[in-house]
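K.L.:
Before anything else, here's the structure in question.
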Amino acid sequence: MDDRSGSLNYLQIHFSYSFVLNLIKPELSHENAELLKNMTQNNFIFLHKETPPDMTVEMHIILNEILNSAKKGILQKLFIEAKIIKLLILIFEQFNEKNALEATPKTPEMIRKFIDENYHRNIKAEEIGKLMGMNENSIRKEFKAQYHTTIAHYMSELRMMKAKKMITDKDIMIKEIAIECGYEYLQNFTRAFKKKFGVSPENLRNNK
């Protein structure tokens, strides 16, 4: 915690293993077991602005209540234990929120990576969904929310950019470029290319 002079004061809270074991109850679920594992691998949790979790006003109030408590004996013990449990809840909530935020963009990034590596194939949202364990509507929705375009449009743009780059190499046949860019039929490739660039692949190549 910061004070007005700019120095730092730290409050160390040590937990006995039996206290943590009784609190977490790892036998109840895999999530509880993971929580216990993460706690026992770290000796301290620092509540400071430079390291997670963020020190909130509510945490400050709890710590001040612990430090300034006038209770004695068993009442003090119960009071402090209750406040520490509340503090732990606030800390775990922050880590859960942090993990959720970090996980959010991963799905669209994985979709994009898959398309980047497989744009030459006739891939569908349904196929991507099966690979990622999601339904195709969620796949489409998350991708569009992240990249502001549809999967089909992104894949089409990727194919066209690849085709335009390859078209300058006159040693590669137009049909080979079409196949490389995921078009089984040359006429479909030519139509898509002309729609995108306003000129056919042959004319663009000849004018280079």
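By convention in this document, the chains of the structure tokens carry letters A, B, ... by their order, each chain's residues are numbered from 1, and ligands are numbered from 1 in the order they are shown.
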Taking only chain A into account, list the residues labelled helix (DSSP H, G or I) by DSSP (computed from the backbone), as a ChimeraX atom specification.
P.N.:
/A:17-24,26-28,30-40,57-67,73-103,106-118,125-132,136-147,151-166,174-180,186-197,201-206
K.L.:
What's the 10 Å shell around Ile84 in chain A, counting only C-alpha atoms, without same-chain residues fewer than 6 positions away, as a ChimeraX atom specification?
P.N.:
/A:13,15,59,62-63,66,78,90
K.L.:
Let me see the file: selected residues, C-alpha atoms, as a tab-separated table (two decimals), in the first residue's frame.
P.N.:
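Wrote it out as result-v1.tsv, contents follow:
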chain	number	residue	atom	x	y	z
A	13	ILE	CA	-0.71	-12.85	5.37
A	15	PHE	CA	-1.89	-19.35	5.61
A	59	MET	CA	-9.55	-4.38	-0.48
A	62	ILE	CA	-10.83	-4.87	4.44
A	63	LEU	CA	-7.12	-4.48	5.25
A	66	ILE	CA	-8.05	-6.09	9.96
A	78	LEU	CA	-13.21	-15.22	13.65
A	90	LEU	CA	-12.04	-10.51	-4.34
K.L.:
With a distance cut-off of 12 Å and only C-alpha atoms, select the neighbouring residues of Glu109 in chain A, excluding the residue or stretch itself and same-chain residues fewer than 6 positions from it, and output the selection as an NGL selection string.
P.N.:
:A and (102-103 or 115-116 or 132 or 139 or 142-147)
K.L.:
Once you have the residues from the selection above, write them out as an mmCIF file, in the first residue's frame, restricted to all heavy atoms.
P.N.:
data_model
loop_
_atom_site.group_PDB
_atom_site.id
_atom_site.type_symbol
_atom_site.label_atom_id
_atom_site.label_comp_id
_atom_site.auth_asym_id
_atom_site.auth_seq_id
_atom_site.Cartn_x
_atom_site.Cartn_y
_atom_site.Cartn_z
ATOM 1 N N GLU A 102 -8.684 -12.644 -21.290
ATOM 2 C CA GLU A 102 -7.583 -13.134 -22.114
ATOM 3 C C GLU A 102 -8.045 -14.236 -23.051
ATOM 4 O O GLU A 102 -7.519 -14.401 -24.135
ATOM 5 C CB GLU A 102 -6.455 -13.649 -21.215
ATOM 6 C CG GLU A 102 -5.707 -12.541 -20.499
ATOM 7 C CD GLU A 102 -4.642 -13.075 -19.567
ATOM 8 O OE1 GLU A 102 -4.650 -14.306 -19.301
ATOM 9 O OE2 GLU A 102 -3.809 -12.274 -19.108
ATOM 10 N N ALA A 103 -9.044 -15.006 -22.620
ATOM 11 C CA ALA A 103 -9.508 -16.111 -23.442
ATOM 12 C C ALA A 103 -10.378 -15.642 -24.599
ATOM 13 O O ALA A 103 -10.468 -16.299 -25.633
ATOM 14 C CB ALA A 103 -10.300 -17.106 -22.587
ATOM 15 N N ILE A 115 -7.786 -20.434 -41.172
ATOM 16 C CA ILE A 115 -8.092 -19.974 -42.539
ATOM 17 C C ILE A 115 -6.806 -19.621 -43.280
ATOM 18 O O ILE A 115 -6.641 -19.974 -44.456
ATOM 19 C CB ILE A 115 -9.042 -18.762 -42.510
ATOM 20 C CG1 ILE A 115 -10.384 -19.149 -41.901
ATOM 21 C CG2 ILE A 115 -9.252 -18.199 -43.919
ATOM 22 C CD1 ILE A 115 -11.305 -17.974 -41.619
ATOM 23 N N ASP A 116 -5.890 -18.929 -42.603
ATOM 24 C CA ASP A 116 -4.627 -18.542 -43.237
ATOM 25 C C ASP A 116 -3.849 -19.755 -43.746
ATOM 26 O O ASP A 116 -3.145 -19.675 -44.754
ATOM 27 C CB ASP A 116 -3.748 -17.768 -42.245
ATOM 28 C CG ASP A 116 -4.287 -16.374 -41.948
ATOM 29 O OD1 ASP A 116 -5.181 -15.916 -42.682
ATOM 30 O OD2 ASP A 116 -3.816 -15.754 -40.976
ATOM 31 N N MET A 132 -13.001 -27.068 -33.444
ATOM 32 C CA MET A 132 -12.837 -26.272 -32.223
ATOM 33 C C MET A 132 -13.881 -26.573 -31.161
ATOM 34 O O MET A 132 -13.876 -25.971 -30.086
ATOM 35 C CB MET A 132 -12.881 -24.776 -32.587
ATOM 36 C CG MET A 132 -11.763 -24.359 -33.518
ATOM 37 S SD MET A 132 -11.783 -22.584 -33.893
ATOM 38 C CE MET A 132 -11.448 -21.926 -32.263
ATOM 39 N N ILE A 139 -18.973 -19.623 -34.302
ATOM 40 C CA ILE A 139 -17.736 -19.396 -35.059
ATOM 41 C C ILE A 139 -17.875 -18.130 -35.904
ATOM 42 O O ILE A 139 -17.005 -17.247 -35.888
ATOM 43 C CB ILE A 139 -17.421 -20.606 -35.962
ATOM 44 C CG1 ILE A 139 -16.996 -21.817 -35.120
ATOM 45 C CG2 ILE A 139 -16.356 -20.267 -36.995
ATOM 46 C CD1 ILE A 139 -15.649 -21.707 -34.478
ATOM 47 N N GLU A 142 -18.219 -14.840 -33.546
ATOM 48 C CA GLU A 142 -16.993 -14.413 -32.865
ATOM 49 C C GLU A 142 -15.970 -13.863 -33.853
ATOM 50 O O GLU A 142 -15.269 -12.896 -33.557
ATOM 51 C CB GLU A 142 -16.402 -15.573 -32.058
ATOM 52 C CG GLU A 142 -17.261 -15.976 -30.876
ATOM 53 C CD GLU A 142 -16.472 -16.681 -29.794
ATOM 54 O OE1 GLU A 142 -15.259 -16.444 -29.686
ATOM 55 O OE2 GLU A 142 -17.089 -17.473 -29.057
ATOM 56 N N PHE A 143 -15.883 -14.485 -35.031
ATOM 57 C CA PHE A 143 -14.936 -14.008 -36.035
ATOM 58 C C PHE A 143 -15.333 -12.611 -36.516
ATOM 59 O O PHE A 143 -14.484 -11.717 -36.615
ATOM 60 C CB PHE A 143 -14.894 -14.973 -37.223
ATOM 61 C CG PHE A 143 -13.823 -14.641 -38.227
ATOM 62 C CD1 PHE A 143 -12.531 -15.130 -38.074
ATOM 63 C CD2 PHE A 143 -14.096 -13.839 -39.333
ATOM 64 C CE1 PHE A 143 -11.535 -14.821 -38.998
ATOM 65 C CE2 PHE A 143 -13.118 -13.523 -40.253
ATOM 66 C CZ PHE A 143 -11.830 -14.015 -40.082
ATOM 67 N N LYS A 144 -16.597 -12.414 -36.774
ATOM 68 C CA LYS A 144 -17.058 -11.111 -37.269
ATOM 69 C C LYS A 144 -16.911 -10.031 -36.201
ATOM 70 O O LYS A 144 -16.566 -8.879 -36.519
ATOM 71 C CB LYS A 144 -18.517 -11.199 -37.722
ATOM 72 C CG LYS A 144 -18.989 -9.941 -38.452
ATOM 73 C CD LYS A 144 -20.326 -10.155 -39.138
ATOM 74 C CE LYS A 144 -20.697 -8.920 -39.965
ATOM 75 N NZ LYS A 144 -21.980 -9.103 -40.683
ATOM 76 N N ALA A 145 -17.156 -10.385 -34.948
ATOM 77 C CA ALA A 145 -17.016 -9.413 -33.859
ATOM 78 C C ALA A 145 -15.573 -8.938 -33.722
ATOM 79 O O ALA A 145 -15.316 -7.775 -33.421
ATOM 80 C CB ALA A 145 -17.492 -10.032 -32.551
ATOM 81 N N GLN A 146 -14.626 -9.831 -33.977
ATOM 82 C CA GLN A 146 -13.207 -9.490 -33.832
ATOM 83 C C GLN A 146 -12.645 -8.769 -35.057
ATOM 84 O O GLN A 146 -11.896 -7.797 -34.924
ATOM 85 C CB GLN A 146 -12.400 -10.765 -33.566
ATOM 86 C CG GLN A 146 -10.902 -10.563 -33.385
ATOM 87 C CD GLN A 146 -10.542 -9.956 -32.039
ATOM 88 O OE1 GLN A 146 -11.392 -9.860 -31.151
ATOM 89 N NE2 GLN A 146 -9.311 -9.531 -31.880
ATOM 90 N N TYR A 147 -13.012 -9.238 -36.250
ATOM 91 C CA TYR A 147 -12.378 -8.738 -37.478
ATOM 92 C C TYR A 147 -13.305 -7.913 -38.370
ATOM 93 O O TYR A 147 -12.886 -7.436 -39.423
ATOM 94 C CB TYR A 147 -11.790 -9.909 -38.272
ATOM 95 C CG TYR A 147 -10.720 -10.643 -37.497
ATOM 96 C CD1 TYR A 147 -10.922 -11.953 -37.063
ATOM 97 C CD2 TYR A 147 -9.522 -10.017 -37.162
ATOM 98 C CE1 TYR A 147 -9.945 -12.628 -36.345
ATOM 99 C CE2 TYR A 147 -8.543 -10.682 -36.444
ATOM 100 C CZ TYR A 147 -8.760 -11.986 -36.041
ATOM 101 O OH TYR A 147 -7.791 -12.648 -35.313
#
K.L.:
Can you tell me which residues surround Arg191 in chain A at a distance of at most 12 Å, considering only C-alpha atoms, apart from same-chain residues fewer than 4 positions away, and format the answer as a VMD selection string?
P.N.:
chain A and resid 160 178 183 185 to 187 195 to 202
K.L.:
Work out how far apart CA of Arg121 in chain A and CA of Gly182 in chain A are and give it in Å to one decimal.
P.N.:
5.2 Å
